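Shown here: protein33.tsv, TSV, C-alpha atoms.
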```tsv
chain	number	residue	atom	x	y	z
A	1	MET	CA	23.06	131.33	145.48
A	2	LYS	CA	23.83	134.90	146.55
A	3	GLN	CA	27.40	134.50	145.27
A	4	ARG	CA	26.12	133.29	141.88
A	5	ALA	CA	23.78	136.28	141.59
A	6	THR	CA	26.66	138.65	142.38
A	7	VAL	CA	28.81	137.05	139.67
A	8	LEU	CA	25.95	137.30	137.15
A	9	LEU	CA	25.27	140.92	138.07
A	10	GLY	CA	28.98	141.71	137.84
A	11	SER	CA	29.26	140.08	134.40
A	12	ALA	CA	26.24	142.00	133.15
A	13	PHE	CA	27.76	145.27	134.39
A	14	VAL	CA	31.08	144.54	132.64
A	15	ALA	CA	29.24	143.64	129.40
A	16	LEU	CA	27.20	146.86	129.55
A	17	ALA	CA	30.30	148.93	130.21
A	18	ALA	CA	32.09	147.29	127.27
A	19	LEU	CA	29.09	147.98	125.01
A	20	ALA	CA	28.92	151.61	126.08
A	21	PHE	CA	32.68	152.00	125.44
A	22	ALA	CA	32.38	150.39	122.00
A	23	ALA	CA	29.42	152.62	121.13
A	24	THR	CA	31.37	155.75	122.09
A	25	ARG	CA	34.25	154.56	119.89
A	26	VAL	CA	31.93	154.03	116.93
A	27	ILE	CA	30.43	157.51	117.35
A	28	ALA	CA	33.93	159.01	117.72
A	29	ALA	CA	35.11	157.20	114.58
A	30	ASP	CA	32.15	158.49	112.55
A	31	LYS	CA	32.45	162.10	113.75
A	32	VAL	CA	33.81	164.44	111.08
A	33	ASP	CA	37.10	165.83	112.33
A	34	PRO	CA	39.09	167.41	109.48
A	35	VAL	CA	41.95	168.51	111.75
A	36	ALA	CA	42.53	164.96	113.01
A	37	ASP	CA	42.08	163.61	109.46
A	38	ALA	CA	44.72	165.93	108.04
A	39	LYS	CA	47.18	165.06	110.79
A	40	ALA	CA	46.65	161.32	110.29
A	41	PHE	CA	46.81	161.68	106.50
A	42	GLN	CA	50.11	163.56	106.56
A	43	ASN	CA	51.63	161.28	109.19
A	44	PHE	CA	50.76	158.24	107.11
A	45	PHE	CA	52.89	159.51	104.22
A	46	PHE	CA	55.66	160.91	106.39
A	47	GLN	CA	56.03	157.54	108.09
A	48	LYS	CA	55.68	155.50	104.90
A	49	PHE	CA	58.40	157.57	103.19
A	50	PRO	CA	60.69	158.78	106.00
A	51	ASN	CA	63.42	159.83	103.57
A	52	VAL	CA	61.21	162.17	101.55
A	53	LYS	CA	61.31	165.80	102.69
A	54	HIS	CA	57.81	166.90	103.61
A	55	GLU	CA	57.70	169.72	101.08
A	56	ASP	CA	58.84	167.28	98.37
A	57	PHE	CA	55.56	165.32	98.34
A	58	VAL	CA	54.06	168.00	96.11
A	59	ASN	CA	56.38	166.83	93.34
A	60	GLY	CA	54.44	163.61	92.92
A	61	PRO	CA	56.30	160.67	91.39
A	62	TYR	CA	59.57	162.63	91.42
A	63	SER	CA	59.55	162.53	95.21
A	64	MET	CA	59.44	158.73	95.03
A	65	ASN	CA	62.31	158.04	92.64
A	66	GLU	CA	65.76	159.68	92.57
A	67	ASP	CA	66.47	158.97	88.89
A	68	MET	CA	63.16	160.44	87.79
A	69	LYS	CA	63.74	163.42	90.04
A	70	ARG	CA	67.10	164.21	88.41
A	71	GLN	CA	65.61	163.99	84.92
A	72	TRP	CA	62.73	166.24	85.95
A	73	GLN	CA	65.06	168.81	87.51
A	74	GLU	CA	66.96	169.04	84.23
A	75	LYS	CA	63.69	169.34	82.32
A	76	GLU	CA	62.62	172.20	84.60
A	77	GLU	CA	65.25	174.41	82.94
A	78	PHE	CA	62.99	174.49	79.88
A	79	PRO	CA	59.71	173.28	81.33
A	80	PRO	CA	57.02	171.96	78.96
A	81	TYR	CA	54.35	174.11	80.66
A	82	GLU	CA	56.16	177.35	79.78
A	83	PHE	CA	53.99	178.10	76.73
A	84	ALA	CA	50.83	177.68	78.81
A	85	LEU	CA	52.28	179.90	81.50
A	86	ASP	CA	53.02	182.71	79.03
A	87	ALA	CA	49.60	182.34	77.42
A	88	GLY	CA	47.92	182.38	80.83
A	89	LYS	CA	49.71	185.56	81.86
A	90	GLU	CA	48.60	187.31	78.70
A	91	MET	CA	45.03	186.07	79.00
A	92	PHE	CA	44.90	187.12	82.62
A	93	SER	CA	45.80	190.72	81.85
A	94	THR	CA	43.78	191.07	78.64
A	95	PRO	CA	40.52	192.95	79.34
A	96	PHE	CA	37.13	191.39	78.58
A	97	LYS	CA	34.89	193.15	76.06
A	98	ASN	CA	33.45	195.22	78.92
A	99	GLY	CA	36.91	196.48	79.88
A	100	LYS	CA	37.21	194.53	83.12
A	101	THR	CA	39.75	191.76	83.76
A	102	TYR	CA	40.07	188.61	85.83
A	103	ALA	CA	41.80	190.71	88.49
A	104	ASP	CA	38.44	192.41	89.19
A	105	CYS	CA	36.88	189.07	90.22
A	106	PHE	CA	39.45	187.93	92.79
A	107	PRO	CA	40.95	189.09	96.07
A	108	ASN	CA	44.37	190.71	95.70
A	109	GLY	CA	43.77	191.03	91.97
A	110	GLY	CA	44.07	187.24	91.64
A	111	ILE	CA	47.79	187.26	92.39
A	112	GLY	CA	49.20	184.82	94.98
A	113	ILE	CA	45.82	183.38	95.96
A	114	ARG	CA	45.92	179.84	94.51
A	115	GLN	CA	46.62	178.35	97.96
A	116	ASN	CA	43.17	179.47	99.17
A	117	TYR	CA	41.27	177.43	96.57
A	118	PRO	CA	38.95	175.62	96.73
A	119	TYR	CA	36.94	177.41	99.40
A	120	PHE	CA	33.50	176.84	100.87
A	121	ASP	CA	31.05	179.52	99.79
A	122	GLU	CA	28.62	179.91	102.70
A	123	LYS	CA	26.19	181.88	100.54
A	124	GLU	CA	25.93	179.15	97.93
A	125	GLY	CA	26.42	176.34	100.43
A	126	LYS	CA	28.92	174.63	98.14
A	127	VAL	CA	32.62	174.30	97.39
A	128	VAL	CA	34.00	176.74	94.82
A	129	THR	CA	37.15	175.72	92.97
A	130	LEU	CA	39.53	178.06	91.17
A	131	GLU	CA	38.41	176.70	87.78
A	132	LEU	CA	34.77	177.32	88.66
A	133	ALA	CA	35.53	180.82	89.96
A	134	LEU	CA	37.36	181.65	86.72
A	135	ASN	CA	34.43	180.59	84.54
A	136	ARG	CA	31.98	182.42	86.79
A	137	CYS	CA	34.14	185.50	86.39
A	138	ARG	CA	33.98	185.14	82.62
A	139	GLU	CA	30.22	184.67	82.61
A	140	ALA	CA	29.66	187.60	84.97
A	141	ASN	CA	31.54	189.73	82.47
A	142	GLY	CA	29.59	188.55	79.42
A	143	GLU	CA	32.16	186.02	78.19
A	144	ALA	CA	31.55	182.37	77.28
A	145	PRO	CA	32.94	179.85	79.78
A	146	TYR	CA	36.02	177.80	78.90
A	147	SER	CA	36.27	174.01	78.82
A	148	TYR	CA	37.18	172.82	82.30
A	149	VAL	CA	39.66	170.22	81.19
A	150	LYS	CA	42.41	171.85	79.15
A	151	ASP	CA	43.84	174.62	76.98
A	152	GLU	CA	42.68	178.06	78.13
A	153	MET	CA	41.56	176.95	81.60
A	154	ALA	CA	44.87	175.15	82.12
A	155	SER	CA	46.79	178.24	80.98
A	156	LEU	CA	44.90	180.58	83.30
A	157	THR	CA	45.26	178.31	86.34
A	158	ALA	CA	48.92	177.71	85.46
A	159	TYR	CA	49.61	181.43	85.68
A	160	MET	CA	47.65	181.83	88.91
A	161	ALA	CA	49.41	178.84	90.49
A	162	TYR	CA	52.77	180.25	89.43
A	163	THR	CA	52.09	183.48	91.30
A	164	SER	CA	51.50	181.35	94.44
A	165	ARG	CA	54.50	179.05	94.12
A	166	GLY	CA	56.02	178.22	97.48
A	167	ARG	CA	53.05	179.48	99.48
A	168	PRO	CA	51.57	176.87	101.80
A	169	MET	CA	48.18	175.42	100.94
A	170	ASP	CA	45.70	177.13	103.22
A	171	ILE	CA	42.19	175.69	102.92
A	172	LYS	CA	39.61	176.66	105.51
A	173	ILE	CA	36.60	174.70	106.64
A	174	PRO	CA	34.17	177.17	108.19
A	175	ASP	CA	32.02	176.27	111.18
A	176	ASP	CA	29.11	175.30	108.97
A	177	PRO	CA	27.58	171.82	108.87
A	178	ARG	CA	27.29	172.09	105.07
A	179	ALA	CA	31.05	172.67	104.79
A	180	LEU	CA	31.74	169.64	106.95
A	181	ALA	CA	29.30	167.62	104.86
A	182	ALA	CA	31.08	168.68	101.66
A	183	TYR	CA	34.44	167.73	103.17
A	184	GLU	CA	33.07	164.35	104.29
A	185	ASN	CA	31.52	163.77	100.87
A	186	GLY	CA	34.90	164.45	99.26
A	187	LYS	CA	36.57	162.03	101.64
A	188	ARG	CA	33.99	159.35	100.85
A	189	TYR	CA	34.53	159.88	97.13
A	190	PHE	CA	38.28	159.56	97.54
A	191	TYR	CA	38.07	156.22	99.34
A	192	THR	CA	35.15	154.68	97.41
A	193	ARG	CA	35.96	151.93	94.92
A	194	ARG	CA	34.45	152.36	91.48
A	195	GLY	CA	34.73	151.15	87.91
A	196	GLN	CA	35.20	147.62	86.62
A	197	MET	CA	38.76	147.66	88.00
A	198	ASN	CA	37.29	148.17	91.49
A	199	PHE	CA	39.79	150.92	92.31
A	200	SER	CA	39.37	153.93	94.56
A	201	CYS	CA	41.58	157.02	94.33
A	202	ALA	CA	43.25	155.62	97.45
A	203	SER	CA	44.02	152.25	95.82
A	204	CYS	CA	46.71	153.94	93.73
A	205	HIS	CA	47.61	157.07	95.64
A	206	VAL	CA	47.52	155.81	99.25
A	207	GLN	CA	48.20	152.10	99.00
A	208	SER	CA	50.69	152.16	96.14
A	209	PRO	CA	52.57	155.48	95.70
A	210	GLY	CA	56.04	154.86	94.30
A	211	GLU	CA	54.87	151.57	92.75
A	212	ARG	CA	54.38	151.22	89.03
A	213	ILE	CA	51.28	150.70	86.95
A	214	ARG	CA	52.76	149.71	83.61
A	215	ALA	CA	55.37	152.40	82.91
A	216	GLU	CA	53.89	154.97	85.28
A	217	THR	CA	55.13	155.65	88.81
A	218	LEU	CA	52.18	156.42	91.04
A	219	ALA	CA	52.16	159.73	92.89
A	220	PRO	CA	51.33	160.01	96.60
A	221	ALA	CA	47.92	161.51	97.38
A	222	LEU	CA	49.53	163.96	99.78
A	223	GLY	CA	50.08	167.24	97.90
A	224	ILE	CA	48.87	165.78	94.60
A	225	LEU	CA	46.80	168.89	93.81
A	226	ASN	CA	49.48	171.38	94.85
A	227	ALA	CA	51.13	170.88	91.46
A	228	MET	CA	48.01	171.45	89.35
A	229	PRO	CA	47.61	172.20	86.53
A	230	ILE	CA	50.14	169.90	84.91
A	231	TYR	CA	51.73	169.23	81.58
A	232	ARG	CA	51.52	165.48	81.00
A	233	SER	CA	53.60	163.80	78.36
A	234	GLU	CA	50.86	161.15	78.21
A	235	TRP	CA	48.37	163.88	77.22
A	236	SER	CA	50.87	165.75	75.04
A	237	GLY	CA	49.55	168.88	76.66
A	238	MET	CA	48.26	170.63	79.71
A	239	GLY	CA	45.47	169.40	81.94
A	240	THR	CA	43.50	170.83	84.83
A	241	THR	CA	42.43	169.27	88.11
A	242	SER	CA	39.11	168.44	86.42
A	243	ARG	CA	40.96	166.60	83.67
A	244	ARG	CA	42.92	164.63	86.27
A	245	PHE	CA	39.75	163.39	87.97
A	246	VAL	CA	38.06	162.54	84.67
A	247	THR	CA	41.11	160.59	83.49
A	248	CYS	CA	41.48	158.71	86.77
A	249	ASN	CA	37.83	157.62	86.57
A	250	SER	CA	38.19	156.46	82.97
A	251	GLN	CA	41.31	154.47	83.79
A	252	THR	CA	39.36	152.45	86.37
A	253	ARG	CA	36.64	151.93	83.72
A	254	ALA	CA	34.17	154.16	85.53
A	255	VAL	CA	32.16	156.64	83.49
A	256	PRO	CA	33.57	160.02	84.59
A	257	LEU	CA	31.28	162.59	86.17
A	258	GLU	CA	30.77	165.96	84.57
A	259	PRO	CA	33.66	168.37	85.35
A	260	GLN	CA	32.91	170.53	88.40
A	261	SER	CA	30.17	168.18	89.58
A	262	ASP	CA	29.56	168.33	93.34
A	263	GLU	CA	31.58	165.14	93.88
A	264	TYR	CA	34.65	166.47	92.06
A	265	ARG	CA	34.43	169.81	93.84
A	266	ASP	CA	34.17	168.04	97.19
A	267	VAL	CA	37.05	165.63	96.58
A	268	GLU	CA	39.20	168.61	95.57
A	269	TYR	CA	38.22	170.27	98.85
A	270	PHE	CA	39.17	167.16	100.85
A	271	LEU	CA	42.49	166.56	99.07
A	272	SER	CA	43.50	170.21	99.28
A	273	TYR	CA	42.59	170.48	102.96
A	274	VAL	CA	44.67	167.45	103.98
A	275	ALA	CA	47.63	169.01	102.12
A	276	ASN	CA	47.44	172.21	104.16
A	277	GLY	CA	50.90	173.52	104.96
A	278	LEU	CA	52.56	172.00	101.91
A	279	PRO	CA	53.74	174.46	99.24
A	280	ILE	CA	52.02	175.19	95.95
A	281	SER	CA	54.29	173.86	93.19
A	282	GLY	CA	52.10	174.30	90.12
A	283	PRO	CA	52.19	174.35	87.27
A	284	GLY	CA	53.81	170.94	87.20
A	285	ALA	CA	55.13	168.49	84.64
A	286	ARG	CA	54.45	164.78	84.77
A	287	PRO	CA	55.34	161.79	82.57
B	1	MET	CA	30.11	104.07	57.26
B	2	LYS	CA	26.44	103.57	58.11
B	3	ARG	CA	27.33	103.69	61.77
B	4	SER	CA	29.21	107.01	61.39
B	5	LEU	CA	26.30	108.53	59.54
B	6	ALA	CA	23.87	107.53	62.26
B	7	LEU	CA	26.16	108.96	64.92
B	8	ALA	CA	26.51	112.23	63.05
B	9	MET	CA	22.74	112.53	62.67
B	10	LEU	CA	22.28	111.83	66.34
B	11	LEU	CA	24.80	114.54	67.20
B	12	VAL	CA	23.07	117.08	64.96
B	13	LEU	CA	19.67	116.24	66.45
B	14	SER	CA	20.94	116.47	70.02
B	15	LEU	CA	22.36	119.94	69.40
B	16	ALA	CA	19.32	121.23	67.55
B	17	PRO	CA	17.29	122.55	70.51
B	18	SER	CA	20.14	124.66	71.92
B	19	ALA	CA	21.18	126.02	68.55
B	20	ARG	CA	17.99	127.97	67.92
B	21	ALA	CA	18.99	131.38	66.61
B	22	ALA	CA	17.95	134.36	68.72
B	23	ASN	CA	15.30	136.59	67.19
B	24	GLU	CA	14.42	140.24	67.54
B	25	ALA	CA	12.05	139.60	70.43
B	26	ASP	CA	14.83	137.86	72.39
B	27	TYR	CA	17.08	140.82	71.75
B	28	LYS	CA	14.49	143.37	72.79
B	29	ALA	CA	13.84	141.54	76.06
B	30	ALA	CA	17.55	141.17	76.83
B	31	TYR	CA	18.26	144.79	75.91
B	32	ALA	CA	15.40	146.15	78.04
B	33	ALA	CA	16.70	144.25	81.08
B	34	ALA	CA	20.24	145.52	80.48
B	35	GLU	CA	19.09	149.08	79.94
B	36	ALA	CA	17.06	149.08	83.17
B	37	ALA	CA	20.05	147.85	85.20
B	38	SER	CA	22.32	150.34	83.46
B	39	LYS	CA	19.99	153.23	84.30
B	40	GLU	CA	19.90	152.16	87.92
B	41	ALA	CA	23.72	152.16	88.03
B	42	ALA	CA	23.87	155.60	86.41
B	43	GLY	CA	21.39	156.86	89.00
B	44	MET	CA	23.80	155.70	91.68
B	45	ARG	CA	26.58	157.70	89.94
B	46	ASN	CA	28.44	154.46	89.32
B	47	GLN	CA	28.15	153.64	85.65
B	48	TRP	CA	30.95	151.55	84.15
B	49	THR	CA	32.44	152.33	80.74
B	50	VAL	CA	32.30	148.63	79.81
B	51	THR	CA	28.53	148.55	80.40
B	52	VAL	CA	28.06	151.44	77.99
B	53	SER	CA	30.29	149.70	75.42
B	54	ALA	CA	28.41	146.39	75.75
B	55	LEU	CA	25.06	148.15	75.27
B	56	ALA	CA	26.41	149.90	72.18
B	57	ALA	CA	27.72	146.57	70.84
B	58	ALA	CA	24.28	145.01	71.37
B	59	ARG	CA	22.57	147.80	69.42
B	60	LYS	CA	25.11	147.59	66.62
B	61	ALA	CA	24.73	143.82	66.28
B	62	ALA	CA	20.93	144.11	66.30
B	63	ASP	CA	21.05	146.83	63.63
B	64	GLY	CA	23.06	144.41	61.49
B	65	GLY	CA	20.52	141.65	62.08
B	66	ASP	CA	22.88	139.49	64.17
B	67	PHE	CA	20.54	138.80	67.07
B	68	ASP	CA	22.68	136.02	68.56
B	69	ARG	CA	25.49	138.48	69.09
B	70	ALA	CA	23.08	141.23	70.14
B	71	VAL	CA	21.53	139.07	72.85
B	72	ALA	CA	24.95	137.96	74.12
B	73	ALA	CA	26.16	141.59	74.33
B	74	ALA	CA	22.95	142.72	76.06
B	75	ARG	CA	23.28	139.95	78.64
B	76	GLU	CA	26.89	140.94	79.24
B	77	ALA	CA	25.81	144.57	79.70
B	78	GLU	CA	23.17	143.51	82.22
B	79	ALA	CA	25.69	141.45	84.20
B	80	LEU	CA	28.16	144.36	84.24
B	81	ALA	CA	25.48	146.84	85.30
B	82	LYS	CA	24.38	144.55	88.12
B	83	ALA	CA	27.99	144.24	89.27
B	84	SER	CA	28.32	148.03	89.35
B	85	ILE	CA	25.11	148.30	91.40
B	86	PHE	CA	26.47	145.74	93.84
B	87	GLN	CA	29.72	147.70	94.06
B	88	ALA	CA	27.96	151.01	94.73
B	89	THR	CA	25.76	149.42	97.37
B	90	SER	CA	28.55	147.66	99.24
B	91	GLU	CA	30.83	150.71	99.04
B	92	LYS	CA	28.32	152.82	100.95
B	93	GLU	CA	29.93	151.43	104.08
B	94	ALA	CA	33.00	149.55	102.82
B	95	TRP	CA	34.92	152.75	101.92
B	96	LYS	CA	35.47	153.43	105.61
B	97	ALA	CA	37.79	150.43	105.86
B	98	MET	CA	40.25	152.17	103.52
B	99	GLU	CA	40.33	155.45	105.42
B	100	ILE	CA	43.59	156.63	106.98
B	101	ARG	CA	42.87	157.21	110.67
```
Let me see the file written as structure tokens.
Amino acid sequence: MKQRATVLLGSAFVALAALAFAATRVIAADKVDPVADAKAFQNFFFQKFPNVKHEDFVNGPYSMNEDMKRQWQEKEEFPPYEFALDAGKEMFSTPFKNGKTYADCFPNGGIGIRQNYPYFDEKEGKVVTLELALNRCREANGEAPYSYVKDEMASLTAYMAYTSRGRPMDIKIPDDPRALAAYENGKRYFYTRRGQMNFSCASCHVQSPGERIRAETLAPALGILNAMPIYRSEWSGMGTTSRRFVTCNSQTRAVPLEPQSDEYRDVEYFLSYVANGLPISGPGARP
Amino acid sequence: MKRSLALAMLLVLSLAPSARAANEADYKAAYAAAEAASKEAAGMRNQWTVTVSALAAARKAADGGDFDRAVAAAREAEALAKASIFQATSEKEAWKAMEIR
């Protein structure tokens, strides 16, 4: 009888210990840990594609296919984004009606700072992207904001990205629960399935990079924003990060959100943060 | 000949109840249900483009007086909207299974 009670007590203790261990694991898994996330995210791609140089991931589909890469390298001699780049440079240095310029709105006169965007604005309590900062600069100087998806906005961001080429992405998450919440919200958005096709961003860019959807080779998620903005042959023109998100949503048959909505700002924050250390390569060109 | 005629009449009579054309009231009821589900999906930030298209098709058919088609499109819109609500609800937790850890 005593022996049976000891066995029962022992079993109960083991069960409790197992429960406590499992509970700790669940809490640990749900804790927001951007540093661990970024490490796991990068390792996933480095292990999945061991022959791709780490800094090459920012070249999207060209890092996945040698033939495409050679064609792209030849195209880079006369890149299709060159007109946008020239226009952006001119726009950037042309004063507003009040005499000020974009340089007055940004640190270091706006040169070589692309790698620090988006950032978390502790005053506002939200993520601020480069596109948003540019339009806020315009509005603060009495100018009408530009469309977030193409043309002028793409030209301006193309020029700013060009001045940062080769610099490693350097996104900070301040010690602020709102910043962590924004990061987590972006992560959730990235992995959440949506649209009639039931696709998440990760369905294409984590599960299937290098594979084809019709004629398109899918880019890896790692470093996908380092090349923005991009000239896309499919668009016959330039497009911003906002345009990329809107298009991706439409392709899964989800109604896109408004450009620079909180969700888009947060997913840009997440994707940029996990690409920390990889070089800025924008403006880019894509099929 | 007589037998064929009787069979044909029987066939027509047997189909008659299900072949009643939809009217405006049927359309309005079907559209209201679809619109309510669609608004719920939009509130969850998970509207589908196909739902919007089906609702537009229902309105267009109703404007042209084709209530059969209008009701069918409205019912399709409602089904799509409900599927998008289900997706948004299940994804509240399901997304974690896709996360790289």
(message) Please report the interatomic distance between atom CA of A:Thr252 and atom CA of B:Ala32 in Å with one decimal.
(response) 26.1 Å
(request) For each of B:Val71, B:Ala77, B:Ala83, B:Ala21, take the minimum atom-to-atom distance to chain A, counting only C-alpha atoms, then give the residue where this is smallest. (result) B:Ala83
(request) May I have the residues of chain A within 10 Å of chain B, counting all atoms listed in the file, written as a PyMOL selection string? (result) chain A and resi 29-30+36-44+187-198+200+202-203+206-207+249-257+263
(message) Can you pull out the residues contacting stretch 84-98 of chain A? Cut-off 7 Å, using only C-alpha atoms, and skip same-chain residues under 4 positions away; I want them as a list in words.
(response)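 That gives Tyr102, Asn141, Ser155, Leu156, Ala158 and Tyr159 of chain A.
Of note, atom CA of A:Asn116 and atom CA of A:Ile171 are spaced 5.4 Å apart.
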(request) Just give me the gap between atom CA of A:Arg265 and atom CA of A:Arg244 in Å, one decimal is fine. (result)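 Atom CA of A:Arg244 lies at a distance of 12.5 Å from atom CA of A:Arg265.
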(request) For stretch 73-76 of chain B, work out the shell of residues within 7 Å, counting all atoms listed in the file and skipping chain neighbours fewer than 5 positions away, then give it as a ChimeraX atom specification. (result) /B:30-31,34,54-55,57-58
(request) Find the residue from B:Ser53, B:Asp26, B:Glu40, B:Ala79 that sits nearest to B:Asp66; use all atoms listed in the file when measuring. (result)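 Of all the options, B:Asp26 lies closest to B:Asp66.
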(message) Ranking A:Lys123, A:Lys48, A:Arg114, A:Lys53 by minimum distance to A:Ser164 and counting all atoms listed in the file, which one comes first?
(response)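 Checking each of A:Lys123, A:Lys48, A:Arg114, A:Lys53 against A:Ser164, counting all atoms listed in the file, the winner is A:Arg114.
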(message) Applying 12 Å and all atoms listed in the file, which residues near A:Arg136 remain after dropping the ones on its own chain fewer than 3 positions away? List them as an MDAnalysis selection string.
(response) chainID A and resid 102 105:106 128:133 139:146 148
(message) From the options B:Met44, B:Ala36, B:Ile85, B:Ala62, which residue's atoms come nearest to B:Glu24, counting only C-alpha atoms?
(response)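 Checking each candidate against B:Glu24, we get B:Ala62 as the closest.
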First collect every listed atom of stretch 35-44 of chain B; then fit an axis-aligned box around them, widen it by 3 Å on each side, and give centre and edge lengths in Å to one decimal, as AutoDock Vina command-line options.
```
--center_x 20.5 --center_y 152.4 --center_z 85.8 --size_x 12.8 --size_y 15.0 --size_z 17.7
```
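With distances restricted to all atoms listed in the file, B:Tyr27 is the closest residue to B:Ala70 from B:Ala37, B:Ala56, B:Arg20, B:Tyr27.
Nearest-residue note for A:Asn135: choosing from A:Tyr119, A:Phe199, A:Glu152, A:Leu222, the minimum distance belongs to A:Glu152, counting all atoms listed in the file.
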Missing atoms of stretch 110-129 of chain A rebuilt to N, CA and C atoms, written as a short mmCIF file (atom, residue, chain, number, x, y, z; two decimals), in the frame of the given file:
```
data_model
loop_
_atom_site.label_atom_id
_atom_site.label_comp_id
_atom_site.auth_asym_id
_atom_site.auth_seq_id
_atom_site.Cartn_x
_atom_site.Cartn_y
_atom_site.Cartn_z
N GLY A 110 43.83 188.61 92.15
CA GLY A 110 44.07 187.24 91.64
C GLY A 110 45.51 186.78 91.75
N ILE A 111 46.37 187.61 92.31
CA ILE A 111 47.79 187.26 92.39
C ILE A 111 48.10 186.63 93.76
N GLY A 112 48.78 185.48 93.73
CA GLY A 112 49.20 184.82 94.98
C GLY A 112 48.05 184.31 95.83
N ILE A 113 46.98 183.84 95.18
CA ILE A 113 45.82 183.38 95.96
C ILE A 113 45.48 181.91 95.73
N ARG A 114 46.23 181.24 94.88
CA ARG A 114 45.92 179.84 94.51
C ARG A 114 45.78 178.94 95.74
N GLN A 115 46.60 179.22 96.78
CA GLN A 115 46.62 178.35 97.96
C GLN A 115 45.32 178.40 98.76
N ASN A 116 44.45 179.36 98.45
CA ASN A 116 43.17 179.47 99.17
C ASN A 116 42.01 178.79 98.45
N TYR A 117 42.32 178.11 97.35
CA TYR A 117 41.27 177.43 96.57
C TYR A 117 41.46 175.92 96.59
N PRO A 118 40.34 175.19 96.70
CA PRO A 118 38.95 175.62 96.73
C PRO A 118 38.55 176.15 98.11
N TYR A 119 37.46 176.94 98.13
CA TYR A 119 36.94 177.41 99.40
C TYR A 119 35.46 177.07 99.50
N PHE A 120 34.93 177.11 100.70
CA PHE A 120 33.50 176.84 100.87
C PHE A 120 32.75 178.15 100.86
N ASP A 121 31.84 178.30 99.90
CA ASP A 121 31.05 179.52 99.79
C ASP A 121 29.79 179.36 100.64
N GLU A 122 29.74 180.07 101.77
CA GLU A 122 28.62 179.91 102.70
C GLU A 122 27.30 180.43 102.11
N LYS A 123 27.40 181.36 101.18
CA LYS A 123 26.19 181.88 100.54
C LYS A 123 25.56 180.80 99.65
N GLU A 124 26.41 180.19 98.86
CA GLU A 124 25.93 179.15 97.93
C GLU A 124 25.73 177.81 98.63
N GLY A 125 26.49 177.62 99.72
CA GLY A 125 26.42 176.34 100.43
C GLY A 125 27.19 175.24 99.73
N LYS A 126 28.15 175.64 98.89
CA LYS A 126 28.92 174.63 98.14
C LYS A 126 30.39 175.04 98.03
N VAL A 127 31.19 174.06 97.60
CA VAL A 127 32.62 174.30 97.39
C VAL A 127 32.81 175.02 96.05
N VAL A 128 33.67 176.03 96.06
CA VAL A 128 34.00 176.74 94.82
C VAL A 128 35.48 176.54 94.52
N THR A 129 35.76 175.96 93.37
CA THR A 129 37.15 175.72 92.97
C THR A 129 37.67 176.93 92.18
#
```
